[in-house]
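Dumped work29.txt below, it's compact mmCIF, C-alpha atoms and all ligand atoms:
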# COMPACT_ATOMS: atom_id res chain seq x y z
CA MET A 686 -1.78 -26.15 -0.18
CA ARG A 687 -3.43 -28.32 2.43
CA SER A 688 -6.83 -29.54 3.52
CA VAL A 689 -8.19 -27.98 6.65
CA VAL A 690 -10.84 -28.59 9.20
CA LYS A 691 -12.84 -25.42 8.93
CA THR A 692 -12.57 -23.08 11.89
CA VAL A 693 -13.32 -19.43 12.24
CA ALA A 694 -11.74 -17.55 9.40
CA ALA A 695 -8.45 -16.39 10.84
CA VAL A 696 -6.54 -15.87 7.63
CA GLY A 697 -6.39 -12.17 7.02
CA VAL A 698 -4.47 -10.61 4.23
CA VAL A 699 -1.47 -9.38 6.12
CA ALA A 700 1.33 -7.42 4.59
CA LEU A 701 4.28 -9.44 3.31
CA THR A 702 7.46 -8.94 1.24
CA LEU A 703 10.27 -10.50 -0.79
CA SER A 704 14.05 -10.63 -1.06
CA ALA A 705 16.65 -9.88 -3.68
CA CYS A 706 19.81 -8.78 -2.05
CA GLY A 707 20.71 -9.42 1.52
CA GLY A 708 23.37 -10.20 4.01
CA SER A 709 24.89 -8.31 6.85
CA ALA A 710 26.71 -5.93 4.56
CA GLN A 711 23.49 -4.12 3.78
CA SER A 712 21.98 -4.02 7.17
CA GLY A 713 22.83 -0.36 7.64
CA THR A 714 20.24 0.79 5.14
CA SER A 715 17.82 2.42 7.52
CA THR A 716 20.45 4.12 9.62
CA THR A 717 22.19 5.80 6.80
CA GLU A 718 23.44 9.31 7.45
CA SER A 719 24.92 11.87 5.11
CA THR A 720 22.99 12.44 1.95
CA PRO A 721 25.68 13.22 -0.60
CA GLN A 722 25.74 16.71 -2.02
CA ALA A 723 24.00 17.20 -5.29
CA VAL A 724 26.59 17.43 -8.00
CA ALA A 725 24.60 16.40 -11.03
CA GLY A 726 26.45 15.10 -14.02
CA ASP A 727 29.69 14.47 -12.18
CA ALA A 728 31.45 11.14 -11.59
CA PRO A 729 31.60 9.01 -14.70
CA ALA A 730 29.92 5.85 -13.53
CA THR A 731 32.04 2.94 -14.58
CA ALA A 732 35.34 4.74 -14.12
CA GLY A 733 35.04 3.66 -10.52
CA MET A 734 34.76 -0.08 -11.18
CA VAL A 735 37.13 -2.14 -9.13
CA GLY A 736 37.66 -5.61 -10.56
CA ASP A 737 37.86 -7.31 -13.94
CA ALA A 738 36.04 -4.90 -16.26
CA SER A 739 36.58 -7.22 -19.22
CA ASP A 740 34.59 -10.04 -17.66
CA PRO A 741 31.38 -10.46 -19.75
CA VAL A 742 29.12 -10.18 -16.72
CA ASN A 743 30.93 -7.05 -15.53
CA GLU A 744 30.56 -5.51 -18.99
CA ILE A 745 26.81 -5.89 -18.63
CA VAL A 746 27.01 -4.42 -15.14
CA ALA A 747 29.02 -1.43 -16.43
CA ALA A 748 26.40 -0.68 -19.07
CA ALA A 749 23.72 -0.98 -16.40
CA ILE A 750 25.53 1.43 -14.07
CA ASP A 751 25.87 4.09 -16.76
CA ASP A 752 22.24 3.76 -17.69
CA LEU A 753 21.06 3.81 -14.07
CA GLN A 754 23.06 6.94 -13.27
CA SER A 755 21.54 8.83 -16.18
CA TYR A 756 18.05 7.41 -15.56
CA TRP A 757 18.10 8.65 -11.97
CA ALA A 758 19.71 11.99 -12.87
CA GLU A 759 16.52 12.56 -14.84
CA GLN A 760 13.99 10.92 -12.52
CA PHE A 761 15.20 11.86 -9.06
CA PRO A 762 14.48 15.59 -9.40
CA ALA A 763 11.03 14.81 -10.76
CA VAL A 764 10.21 12.38 -7.95
CA TYR A 765 11.97 13.95 -4.96
CA GLY A 766 12.38 17.56 -5.97
CA SER A 767 16.16 17.79 -5.65
CA ASP A 768 19.16 16.97 -7.80
CA TYR A 769 20.49 13.45 -7.97
CA SER A 770 24.00 12.92 -6.69
CA PRO A 771 25.51 10.00 -8.60
CA VAL A 772 26.60 6.96 -6.64
CA SER A 773 30.27 7.72 -6.20
CA GLY A 774 31.78 5.48 -3.53
CA GLY A 775 32.90 2.89 -6.08
CA PHE A 776 31.62 -0.18 -7.87
CA TYR A 777 33.15 -3.44 -6.75
CA ALA A 778 33.13 -6.56 -8.92
CA VAL A 779 34.11 -9.02 -6.22
CA VAL A 780 35.63 -12.46 -6.64
CA PRO A 781 34.89 -13.89 -3.18
CA SER A 782 37.39 -16.72 -3.52
CA SER A 783 40.21 -14.21 -4.01
CA GLY A 784 39.82 -12.94 -0.45
CA ASP A 785 39.70 -9.30 -1.61
CA LEU A 786 36.81 -7.61 0.14
CA PRO A 787 34.90 -4.47 -0.84
CA PRO A 788 34.09 -1.71 1.67
CA CYS A 789 31.39 -2.65 4.20
CA ALA A 790 32.11 -6.39 3.92
CA SER A 791 33.91 -8.06 6.79
CA SER A 792 34.15 -11.54 5.31
CA ALA A 793 33.73 -13.37 2.02
CA ASP A 794 30.36 -14.64 3.29
CA ASP A 795 29.03 -11.09 3.16
CA ILE A 796 29.46 -10.94 -0.59
CA ALA A 797 29.39 -14.55 -1.85
CA GLY A 798 26.03 -15.12 -3.55
CA ASN A 799 25.08 -11.52 -2.94
CA ALA A 800 24.93 -8.01 -4.34
CA PHE A 801 24.55 -4.98 -2.12
CA TYR A 802 24.47 -1.24 -1.78
CA CYS A 803 26.26 0.08 1.29
CA PRO A 804 24.98 3.51 2.33
CA SER A 805 27.83 4.48 4.66
CA ALA A 806 30.34 4.28 1.79
CA ASP A 807 27.90 4.89 -1.12
CA VAL A 808 29.21 1.70 -2.68
CA VAL A 809 27.69 -0.96 -4.90
CA ALA A 810 29.29 -4.41 -4.83
CA TRP A 811 28.40 -7.73 -6.39
CA ASP A 812 29.64 -11.30 -6.50
CA SER A 813 30.98 -11.51 -10.07
CA GLU A 814 32.21 -15.04 -9.58
CA GLY A 815 29.10 -16.87 -8.34
CA LEU A 816 25.83 -14.94 -8.15
CA LEU A 817 25.74 -12.92 -11.34
CA PRO A 818 27.13 -15.54 -13.74
CA ASP A 819 24.71 -18.04 -12.20
CA LEU A 820 21.72 -15.72 -12.58
CA ARG A 821 22.74 -14.88 -16.13
CA GLN A 822 22.94 -18.52 -17.07
CA ARG A 823 19.53 -19.30 -15.59
CA PHE A 824 17.60 -16.19 -16.54
CA GLY A 825 19.46 -14.42 -19.34
CA ASP A 826 21.37 -11.14 -19.66
CA PHE A 827 18.56 -8.84 -18.60
CA VAL A 828 18.41 -10.18 -15.06
CA ILE A 829 21.83 -8.54 -14.45
CA PRO A 830 20.73 -4.90 -14.92
CA VAL A 831 17.52 -5.70 -13.03
CA VAL A 832 19.58 -6.79 -10.02
CA MET A 833 21.66 -3.61 -10.31
CA ALA A 834 18.50 -1.52 -10.63
CA HIS A 835 17.31 -3.05 -7.35
CA GLU A 836 20.58 -2.05 -5.67
CA TRP A 837 20.18 1.44 -7.11
CA GLY A 838 16.82 1.49 -5.43
CA HIS A 839 18.68 1.32 -2.12
CA ALA A 840 20.97 4.14 -3.22
CA ILE A 841 17.86 6.20 -3.99
CA GLN A 842 16.49 5.40 -0.53
CA ALA A 843 19.71 6.68 1.05
CA ARG A 844 19.32 9.94 -0.89
CA ALA A 845 15.63 10.22 -0.02
CA ASN A 846 16.17 9.44 3.69
CA PHE A 847 13.83 6.45 3.53
CA GLU A 848 12.90 4.92 6.87
CA GLY A 849 11.12 1.64 7.38
CA MET A 850 11.38 -2.09 7.91
CA THR A 851 13.89 -4.09 5.88
CA VAL A 852 11.12 -5.77 3.93
CA THR A 853 9.59 -2.42 2.98
CA SER A 854 12.93 -1.15 1.72
CA GLU A 855 13.38 -4.33 -0.30
CA ILE A 856 10.04 -4.22 -2.06
CA GLN A 857 10.43 -0.51 -2.72
CA ALA A 858 13.80 -1.29 -4.31
CA ASP A 859 12.01 -3.89 -6.42
CA CYS A 860 9.51 -1.24 -7.43
CA PHE A 861 12.33 1.10 -8.49
CA ALA A 862 13.86 -1.80 -10.43
CA GLY A 863 10.56 -2.27 -12.25
CA ALA A 864 10.39 1.44 -13.06
CA TRP A 865 13.88 1.29 -14.53
CA ALA A 866 12.99 -1.87 -16.51
CA ALA A 867 10.06 -0.07 -18.13
CA HIS A 868 12.47 2.66 -19.21
CA ALA A 869 14.83 -0.01 -20.59
CA VAL A 870 11.99 -1.48 -22.65
CA SER A 871 10.56 1.79 -23.94
CA ASP A 872 13.71 3.87 -24.38
CA ALA A 873 16.10 1.05 -25.36
CA THR A 874 19.11 3.21 -24.49
CA ALA A 875 21.45 0.53 -23.16
CA PHE A 876 19.26 -2.57 -23.11
CA ASP A 877 16.41 -3.62 -25.34
CA PRO A 878 14.88 -6.69 -23.71
CA SER A 879 12.35 -8.79 -25.59
CA GLN A 880 9.15 -9.81 -23.87
CA ALA A 881 10.63 -13.25 -23.30
CA GLU A 882 13.71 -11.72 -21.65
CA LEU A 883 11.52 -9.62 -19.40
CA ASP A 884 9.51 -12.71 -18.40
CA SER A 885 12.73 -14.52 -17.68
CA ALA A 886 14.02 -11.69 -15.48
CA LEU A 887 10.73 -11.84 -13.57
CA ALA A 888 11.31 -15.53 -13.03
CA GLY A 889 14.69 -14.53 -11.59
CA PHE A 890 12.85 -12.53 -8.95
CA LEU A 891 10.96 -15.63 -7.91
CA TYR A 892 14.26 -17.43 -7.61
CA LEU A 893 15.52 -14.72 -5.26
CA ARG A 894 12.49 -14.78 -2.96
CA ASP A 895 12.71 -15.54 0.75
CA GLU A 896 12.26 -19.15 1.82
CA PRO A 897 8.54 -19.93 2.09
CA GLY A 898 7.38 -19.62 5.69
CA SER A 899 10.04 -17.11 6.73
CA SER A 900 9.02 -13.97 8.55
CA ALA A 901 8.56 -10.63 6.85
CA GLU A 902 9.71 -9.00 10.05
CA SER A 903 13.17 -10.51 9.84
CA ASP A 904 16.11 -8.16 9.31
CA SER A 905 16.96 -10.05 6.16
CA ALA A 906 13.42 -10.27 4.77
CA HIS A 907 12.94 -9.41 1.12
CA GLY A 908 9.42 -10.78 0.69
CA SER A 909 7.79 -13.68 -1.09
CA GLY A 910 8.04 -14.08 -4.85
CA PHE A 911 4.49 -12.75 -5.09
CA ASP A 912 5.39 -9.59 -3.17
CA ARG A 913 8.53 -8.96 -5.13
CA VAL A 914 6.95 -9.45 -8.52
CA SER A 915 3.99 -7.29 -7.44
CA SER A 916 6.25 -4.40 -6.56
CA PHE A 917 8.32 -4.83 -9.70
CA GLN A 918 5.12 -4.62 -11.78
CA THR A 919 3.91 -1.61 -9.78
CA GLY A 920 7.07 0.26 -10.73
CA PHE A 921 7.00 -1.03 -14.28
CA ASP A 922 3.45 0.20 -14.84
CA GLY A 923 3.48 3.41 -12.83
CA GLY A 924 7.09 4.59 -12.75
CA PRO A 925 9.06 5.74 -9.71
CA MET A 926 6.30 8.07 -8.49
CA ASP A 927 4.28 4.96 -7.63
CA CYS A 928 7.21 3.59 -5.60
CA LYS A 929 7.80 6.75 -3.60
CA PRO A 930 4.85 6.36 -1.16
CA TYR A 931 5.92 2.94 0.14
CA VAL A 932 5.70 2.70 3.94
CA ASP A 933 5.53 -0.24 6.34
CA GLY A 934 2.27 -2.09 5.68
CA SER A 935 1.50 -0.31 2.43
CA PRO A 936 1.55 -2.02 0.08
CA PRO A 937 0.70 -5.01 2.26
CA VAL A 938 3.10 -7.89 2.41
CA LEU A 939 1.45 -11.29 2.21
CA GLN A 940 2.84 -13.12 5.18
CA LEU A 941 1.95 -16.78 5.18
CA PRO A 942 3.51 -18.68 8.05
CA PHE A 943 3.30 -22.45 8.19
CA THR A 944 0.40 -23.26 10.48
CA SER A 945 0.96 -26.99 10.73
CA GLN A 946 4.12 -28.99 11.24
CA SER A 947 3.05 -31.66 8.76
CA ASP A 948 2.51 -29.00 6.09
CA ALA A 949 5.96 -27.56 6.82
CA ASP A 950 7.47 -31.05 6.64
CA ARG A 951 5.99 -31.54 3.19
CA GLY A 952 7.24 -28.11 2.07
CA GLY A 953 3.63 -26.96 1.78
CA ASP A 954 2.81 -29.42 -0.98
CA ALA A 955 -0.27 -31.63 -0.84
CA PRO A 956 0.03 -34.94 -2.72
CA LEU A 957 -0.58 -34.65 -6.48
CA GLU A 958 -3.57 -37.02 -6.41
CA GLN A 959 -5.22 -34.82 -3.82
CA ILE A 960 -4.78 -31.78 -6.06
CA ILE A 961 -6.05 -33.52 -9.18
CA ASP A 962 -9.07 -34.92 -7.36
CA GLY A 963 -9.83 -32.09 -5.00
CA VAL A 964 -9.06 -28.84 -6.81
CA PRO A 965 -11.70 -29.26 -9.55
CA LYS A 966 -14.29 -29.89 -6.84
CA ASP A 967 -13.21 -26.75 -5.02
CA LEU A 968 -13.37 -24.78 -8.27
CA GLU A 969 -16.91 -26.03 -8.87
CA ASP A 970 -17.76 -24.85 -5.39
CA TYR A 971 -16.18 -21.47 -6.05
CA TRP A 972 -17.99 -20.95 -9.33
CA SER A 973 -21.31 -22.09 -7.86
CA VAL A 974 -21.00 -19.11 -5.48
CA LEU A 975 -19.39 -16.61 -7.83
CA PHE A 976 -21.38 -17.16 -11.04
CA PRO A 977 -24.78 -16.19 -9.58
CA GLU A 978 -23.20 -13.11 -8.01
CA LEU A 979 -21.78 -12.02 -11.36
CA THR A 980 -24.63 -12.99 -13.69
CA GLY A 981 -27.75 -13.48 -11.56
CA ARG A 982 -28.04 -16.99 -12.99
CA PRO A 983 -27.36 -20.36 -11.39
CA TRP A 984 -24.11 -22.17 -12.14
CA GLU A 985 -24.34 -25.31 -14.26
CA PRO A 986 -21.52 -27.66 -13.23
CA LEU A 987 -19.05 -28.70 -15.89
CA LYS A 988 -18.81 -32.27 -17.10
CA PRO A 989 -16.33 -34.21 -14.99
CA VAL A 990 -12.64 -33.42 -15.44
CA VAL A 991 -10.84 -35.68 -17.90
CA ALA A 992 -7.41 -36.57 -16.49
CA PHE A 993 -5.93 -38.40 -19.44
CA ASP A 994 -2.90 -40.32 -20.68
CA PRO A 995 -1.42 -38.40 -23.64
CA SER A 996 -1.14 -41.64 -25.62
CA ASP A 997 -4.92 -41.85 -25.34
CA ALA A 998 -6.12 -38.24 -25.54
CA PRO A 999 -9.87 -37.58 -25.34
CA GLU A 1000 -11.97 -35.94 -28.04
CA CYS A 1001 -13.24 -32.40 -27.92
CA GLY A 1002 -16.04 -31.46 -30.30
CA GLY A 1003 -15.44 -34.68 -32.22
CA GLN A 1004 -11.71 -34.02 -32.72
CA SER A 1005 -8.76 -35.52 -30.93
CA ALA A 1006 -7.16 -33.31 -28.28
CA SER A 1007 -3.85 -35.06 -28.88
CA GLY A 1008 -0.92 -32.68 -28.29
CA TYR A 1009 -2.73 -30.55 -25.69
CA VAL A 1010 -1.62 -30.85 -22.10
CA LEU A 1011 -4.28 -28.64 -20.49
CA PHE A 1012 -7.45 -27.23 -22.01
CA TYR A 1013 -11.06 -26.27 -21.56
CA CYS A 1014 -13.19 -27.96 -24.21
CA VAL A 1015 -15.92 -25.45 -25.09
CA PRO A 1016 -18.27 -27.69 -27.09
CA ASP A 1017 -18.22 -30.54 -24.57
CA ASP A 1018 -17.84 -28.36 -21.46
CA TYR A 1019 -15.06 -30.13 -19.63
CA VAL A 1020 -11.50 -29.40 -18.46
CA GLY A 1021 -8.90 -31.91 -19.61
CA PHE A 1022 -5.26 -32.34 -18.71
CA ASP A 1023 -2.40 -34.76 -19.19
CA ALA A 1024 -2.21 -36.47 -15.83
CA VAL A 1025 0.59 -38.84 -16.79
CA ASP A 1026 3.45 -36.64 -18.08
CA ALA A 1027 2.73 -32.91 -17.90
CA MET A 1028 0.97 -32.49 -14.56
CA PRO A 1029 3.39 -34.71 -12.63
CA ARG A 1030 6.24 -32.71 -14.18
CA PHE A 1031 4.67 -29.34 -13.27
CA TYR A 1032 4.06 -30.68 -9.78
CA GLU A 1033 7.65 -31.84 -9.47
CA GLN A 1034 9.15 -28.59 -10.79
CA GLY A 1035 6.59 -26.07 -9.63
CA GLY A 1036 4.83 -27.48 -6.57
CA ASP A 1037 1.22 -28.33 -5.85
CA PHE A 1038 -0.18 -24.87 -6.41
CA ALA A 1039 1.41 -24.64 -9.85
CA VAL A 1040 -0.89 -27.50 -10.85
CA ALA A 1041 -3.86 -26.08 -8.95
CA ALA A 1042 -3.50 -22.61 -10.50
CA LEU A 1043 -3.19 -23.98 -14.02
CA ILE A 1044 -6.40 -25.99 -13.59
CA ALA A 1045 -8.05 -22.87 -12.14
CA THR A 1046 -7.23 -20.84 -15.26
CA GLN A 1047 -9.26 -23.32 -17.31
CA TYR A 1048 -12.22 -23.03 -14.97
CA GLY A 1049 -11.95 -19.29 -15.49
CA LEU A 1050 -12.37 -19.88 -19.22
CA ALA A 1051 -15.31 -22.18 -18.50
CA GLY A 1052 -16.93 -19.50 -16.35
CA MET A 1053 -16.76 -17.04 -19.21
CA ALA A 1054 -18.04 -19.57 -21.72
CA HIS A 1055 -20.99 -20.26 -19.42
CA ALA A 1056 -21.66 -16.54 -19.37
CA GLY A 1057 -21.74 -16.52 -23.17
CA ILE A 1058 -18.34 -14.87 -23.66
CA ASP A 1059 -16.09 -16.15 -26.42
CA ALA A 1060 -13.35 -17.96 -24.49
CA ASP A 1061 -10.88 -18.09 -27.32
CA THR A 1062 -9.12 -14.71 -27.34
CA GLN A 1063 -6.01 -13.45 -25.56
CA ASP A 1064 -8.15 -11.09 -23.47
CA THR A 1065 -10.37 -13.87 -22.21
CA SER A 1066 -7.34 -16.06 -21.57
CA LEU A 1067 -5.97 -13.30 -19.32
CA GLN A 1068 -9.36 -13.02 -17.64
CA GLY A 1069 -9.13 -16.75 -16.96
CA ASP A 1070 -5.79 -16.10 -15.25
CA CYS A 1071 -7.41 -13.32 -13.22
CA PHE A 1072 -10.21 -15.67 -12.08
CA ALA A 1073 -7.56 -18.21 -11.08
CA GLY A 1074 -6.17 -15.43 -8.85
CA SER A 1075 -9.58 -14.59 -7.38
CA TRP A 1076 -10.12 -18.28 -6.61
CA ALA A 1077 -6.68 -18.40 -4.93
CA ALA A 1078 -7.71 -15.40 -2.81
CA SER A 1079 -10.91 -17.20 -1.83
CA VAL A 1080 -8.86 -20.20 -0.72
CA LEU A 1081 -6.49 -17.90 1.14
CA LEU A 1082 -9.30 -16.05 2.89
CA GLN A 1083 -11.31 -19.25 3.52
CA ASN A 1084 -14.46 -17.33 2.73
CA ARG A 1085 -16.54 -20.29 1.53
CA PRO A 1086 -17.91 -22.56 4.25
CA THR A 1087 -17.96 -25.44 1.77
CA SER A 1088 -14.29 -25.25 0.85
CA GLY A 1089 -11.78 -27.48 2.57
CA TYR A 1090 -8.47 -26.02 1.45
CA THR A 1091 -6.08 -23.36 2.58
CA LEU A 1092 -2.90 -21.97 1.07
CA SER A 1093 0.57 -22.81 2.29
CA PRO A 1094 3.58 -20.48 2.23
CA GLY A 1095 4.96 -20.38 -1.29
CA ASP A 1096 1.70 -21.27 -3.03
CA LEU A 1097 1.18 -17.89 -4.66
CA ASP A 1098 4.79 -17.95 -5.86
CA GLU A 1099 4.16 -21.36 -7.41
CA ALA A 1100 1.14 -19.98 -9.25
CA ILE A 1101 3.14 -17.08 -10.67
CA ALA A 1102 5.98 -19.35 -11.72
CA SER A 1103 3.56 -21.69 -13.48
CA LEU A 1104 2.08 -18.82 -15.50
CA LEU A 1105 5.57 -17.64 -16.49
CA LEU A 1106 7.22 -20.93 -17.18
CA PHE A 1107 4.86 -23.79 -17.99
CA ARG A 1108 3.80 -22.94 -21.46
CA GLY A 1109 4.38 -24.27 -24.92
CA ASP A 1110 5.28 -22.81 -28.31
CA GLY A 1111 2.67 -20.43 -29.62
CA ASP A 1112 1.14 -19.94 -26.20
CA GLU A 1113 2.25 -16.33 -25.99
CA SER A 1114 0.08 -15.14 -28.85
CA ARG A 1115 -2.89 -17.07 -27.49
CA GLN A 1116 -2.42 -16.36 -23.79
CA GLY A 1117 -0.38 -13.16 -23.58
CA SER A 1118 3.13 -12.71 -22.21
CA GLY A 1119 4.11 -14.17 -18.87
CA PHE A 1120 4.29 -10.61 -17.56
CA LEU A 1121 0.66 -9.95 -18.50
CA ARG A 1122 -0.50 -13.31 -17.16
CA VAL A 1123 1.15 -12.67 -13.79
CA GLU A 1124 -0.37 -9.21 -13.68
CA ALA A 1125 -3.84 -10.62 -14.39
CA PHE A 1126 -3.45 -13.29 -11.72
CA ARG A 1127 -2.29 -10.69 -9.17
CA HIS A 1128 -5.28 -8.47 -9.88
CA GLY A 1129 -7.55 -11.41 -9.16
CA VAL A 1130 -5.74 -12.16 -5.90
CA MET A 1131 -5.66 -8.59 -4.64
CA ASP A 1132 -8.93 -7.18 -5.96
CA GLY A 1133 -11.19 -10.22 -6.34
CA ALA A 1134 -13.33 -11.50 -9.19
CA GLN A 1135 -14.93 -8.12 -9.93
CA ALA A 1136 -11.50 -6.97 -11.11
CA CYS A 1137 -11.52 -9.70 -13.77
CA ILE A 1138 -14.56 -8.51 -15.66
ZN ZN B 1 17.85 -5.22 -1.58
Would you mind writing the file out in structure tokens?
Amino acid sequence: MRSVVKTVAAVGVVALTLSACGGSAQSGTSTTESTPQAVAGDAPATAGMVGDASDPVNEIVAAAIDDLQSYWAEQFPAVYGSDYSPVSGGFYAVVPSSGDLPPCASSADDIAGNAFYCPSADVVAWDSEGLLPDLRQRFGDFVIPVVMAHEWGHAIQARANFEGMTVTSEIQADCFAGAWAAHAVSDATAFDPSQAELDSALAGFLYLRDEPGSSAESDSAHGSGFDRVSSFQTGFDGGPMDCKPYVDGSPPVLQLPFTSQSDADRGGDAPLEQIIDGVPKDLEDYWSVLFPELTGRPWEPLKPVVAFDPSDAPECGGQSASGYVLFYCVPDDYVGFDAVDAMPRFYEQGGDFAVAALIATQYGLAGMAHAGIDADTQDTSLQGDCFAGSWAASVLLQNRPTSGYTLSPGDLDEAIASLLLFRGDGDESRQGSGFLRVEAFRHGVMDGAQACI
């Protein structure tokens, strides 16, 4: 996020995407030939695994492969109108340091830190030494089948003769991964992820995003975290039929290049003090425009923000707010947050827009309270997240002459990460799962404040 001197609004919502797999080994995706013949039910999936099948990560992969083959045997005919030919070129659990290379890889660099589907050989390969154990440790078991489901998305594209930019193929693969994940949750055939595990796997997607500021037109583009999570949720909610229509530019990919060298040098992060001082003012400005549009009534500004030291927490309604790190106080009409421990930590770990988005969620609650809506249910908490998204879109579009901010590359990813990760015990019942919070925020970004009501 950065302050701007206002010029003509030049920030359109341009299509952008995210990344999950990558590397030269996959670059043949759009030139794939030979759709394999339909021989449904053939080729036992994991029989073809090359590598250490007893490795714990590879055991998870094997279960994922079996489940993906049967999932697509069922779904492919329904979505594409022809039989599914199982992936049959082999499954390669690669130890890059061993020097043994799978088909389509010409050096260890092609596979280290990577997983890929190679259409010319109908092969799936993964780094079982570095990438997958690392992801599993950070994000839990369920991130492993999600990565494989993404690679299967590329196998589906080869069978469906998909054509398009790299970034489009990547976000469509994310969409297919989301569709499979919904099946995993509802059918529980091979995996039965809890809500927390699903949230954690989503966080893994953010970890696998492209570097902020990189181009969506690059041959290795996978999209921003926001794009990737959006497509994953599209598939999760709508199934593979909602992934099928993907073409270049639809869904749009949010491409945010760095527009100033100083912003790029700071990694897109404004100083914390500037966020704490400036964002509440910008939110007041936003609500002073939005509230009359929504209710026909003027906006009454909140009491000033209380940025407090947790050893000296303020009172809310005559009671100490000790133990809370971020809240909207309904009776006294102010937003309070711990500016000594929590916010500096969120800033450090999540970036400037993590802090900004969290503050914005509380202004969303305030907006509803001002409209006379009970701001203490899970539904209204999710609406607050949606309004945080609509505010972020307003900053992105620079559609208020009185606002002095713009978004930097990576800001929307920071917002999503903050909704998934920066929460305390008991927050899930009060605020909804991370998955639902991200979905609410995205609706606000893409569809505006009307979508939040
Ligand atoms: Zn991919």
(message) From the options A:Val746, A:Ile856, A:Val772, A:Cys789, which residue's atoms come nearest to ligand ZN 1 (chain B), counting only C-alpha atoms and all ligand atoms?
(response)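 Among A:Val746, A:Ile856, A:Val772, A:Cys789, it is A:Ile856 that comes nearest to ligand ZN 1 (chain B).
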(message) Please return as a PyMOL selection string every residue within 10 Å of (12.2, 0.8, -4.4), taking into account all atoms listed in the file and the file's own coordinates.
(response) chain A and resi 834-842+847+853-864+916-917+920+925+927-931
(message) From the options A:Ser767, A:Ser905, A:Ser813, A:Asn743, which residue's atoms come nearest to ligand ZN 1 (chain B), counting only C-alpha atoms and all ligand atoms?
(response)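 Closest to ligand ZN 1 (chain B), using only C-alpha atoms and all ligand atoms: A:Ser905.
Using all atoms listed in the file, the nearest neighbour of Gly1069 in chain A within the list A:Trp984, A:Trp811, A:Tyr1048, A:Phe1120 is A:Tyr1048.
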(message) Could you tell me how far CA of Asp922 in chain A sits from CA of Ala867 in chain A, in Å to one decimal place?
(response)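 According to the coordinates, CA of Ala867 in chain A and CA of Asp922 in chain A are separated by 7.4 Å.
With distances restricted to all atoms listed in the file, A:Val809 is the closest residue to ligand ZN 1 (chain B) from A:Val809, A:Glu978, A:Ser688, A:Val780.
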(request) Just the residues within 9 Å of Ala881 in chain A, please, counting all atoms listed in the file, with nothing from its chain fewer than 4 positions along; format it as a ChimeraX atom specification. (result) /A:885-886,1118-1120
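Using all atoms listed in the file, the nearest neighbour of Ser1114 in chain A within the list A:Phe1031, A:Leu979, A:Phe993, A:Gln880 is A:Gln880.
If you look at CA of Pro995 in chain A and CA of Glu969 in chain A, they are 24.7 Å away from each other.
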Name the residues in contact with Asp954 in chain A at a cut-off of 8 Å, using all atoms listed in the file, excluding same-chain residues fewer than 3 positions from it; report them as a PDB file with C-alpha atoms, keeping the file's coordinate frame.
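To be explicit, this is the file written out as out_29.pdb:
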ATOM      1  CA  MET A 686      -1.780 -26.150  -0.180  1.00  0.00           C
ATOM      2  CA  ARG A 687      -3.430 -28.320   2.430  1.00  0.00           C
ATOM      3  CA  ASP A 948       2.510 -29.000   6.090  1.00  0.00           C
ATOM      4  CA  ARG A 951       5.990 -31.540   3.190  1.00  0.00           C
ATOM      5  CA  GLY A1036       4.830 -27.480  -6.570  1.00  0.00           C
ATOM      6  CA  ASP A1037       1.220 -28.330  -5.850  1.00  0.00           C
ATOM      7  CA  PHE A1038      -0.180 -24.870  -6.410  1.00  0.00           C
ATOM      8  CA  SER A1093       0.570 -22.810   2.290  1.00  0.00           C
TER       9      SER A1093
END
(request) Do a neighbour search on Phe976 in chain A at 12 Å with only C-alpha atoms, toss out local chain neighbours closer than 4 positions, and write the hits as a list of chain:residue names. (result)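 Contacts, with the query itself left out: A:Leu968, A:Glu969, A:Asp970, A:Tyr971, A:Trp972, A:Thr980, A:Gly981, A:Arg982, A:Pro983, A:Trp984, A:Glu985, A:Pro986, A:Tyr1048, A:Gly1049, A:Ala1051, A:Gly1052, A:Met1053, A:Ala1054, A:His1055, A:Ala1056, A:Phe1072, A:Ala1134, A:Gln1135, A:Ile1138.
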(message) I'd like to know which of A:Asn799, A:Gln760, A:Ser770, A:Ser739 is closest to ligand ZN 1 (chain B), using all atoms listed in the file.
(response)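 Among the listed residues, A:Asn799 lies closest to ligand ZN 1 (chain B).
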(request) Record the distance separating CA of Leu817 in chain A and CA of Gly908 in chain A, expressed in Å with one decimal. (result) 20.4 Å
(message) Quick one: residues within 9 Å of Phe827 in chain A, all atoms listed in the file, excluding same-chain residues fewer than 5 positions away - as a list in words?
(response)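 Counting all atoms listed in the file, the residues come to Ile745, Arg821, Val832, Phe876, Asp877, Pro878, Glu882, Leu883, Ser885 and Ala886 of chain A.
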(request) Please provide as a list of chain:residue names all residues within 9 Å of Cys1014 in chain A, with the sequence filter that same-chain residues fewer than 6 positions apart are discarded (counting only C-alpha atoms). (result)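 Answer for this query is A:Glu1000, A:Cys1001, A:Gly1002, A:Val1020, A:Gly1021, A:Ala1051.
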(request) Could you give me, as a list of chain:residue names, the residues that sit within 10 Å of (20.4, 10.4, -12.2) in the file's coordinates, counting all atoms listed in the file? (result)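 Output of the proximity query reads A:Ala725, A:Gly726, A:Asp751, A:Asp752, A:Leu753, A:Gln754, A:Ser755, A:Tyr756, A:Trp757, A:Ala758, A:Glu759, A:Gln760, A:Phe761, A:Pro762, A:Asp768, A:Tyr769, A:Ser770, A:Pro771, A:Val772, A:Ile841.
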Might I get the box with edges along x, y and z of the file that holds all atoms of range 1012-1020 of chain A listed there, padded by 4 Å on every side, given as centre and edge lengths in Å to one decimal, as AutoDock Vina command-line options?
--center_x -12.9 --center_y -28.0 --center_z -22.8 --size_x 18.8 --size_y 13.1 --size_z 16.6
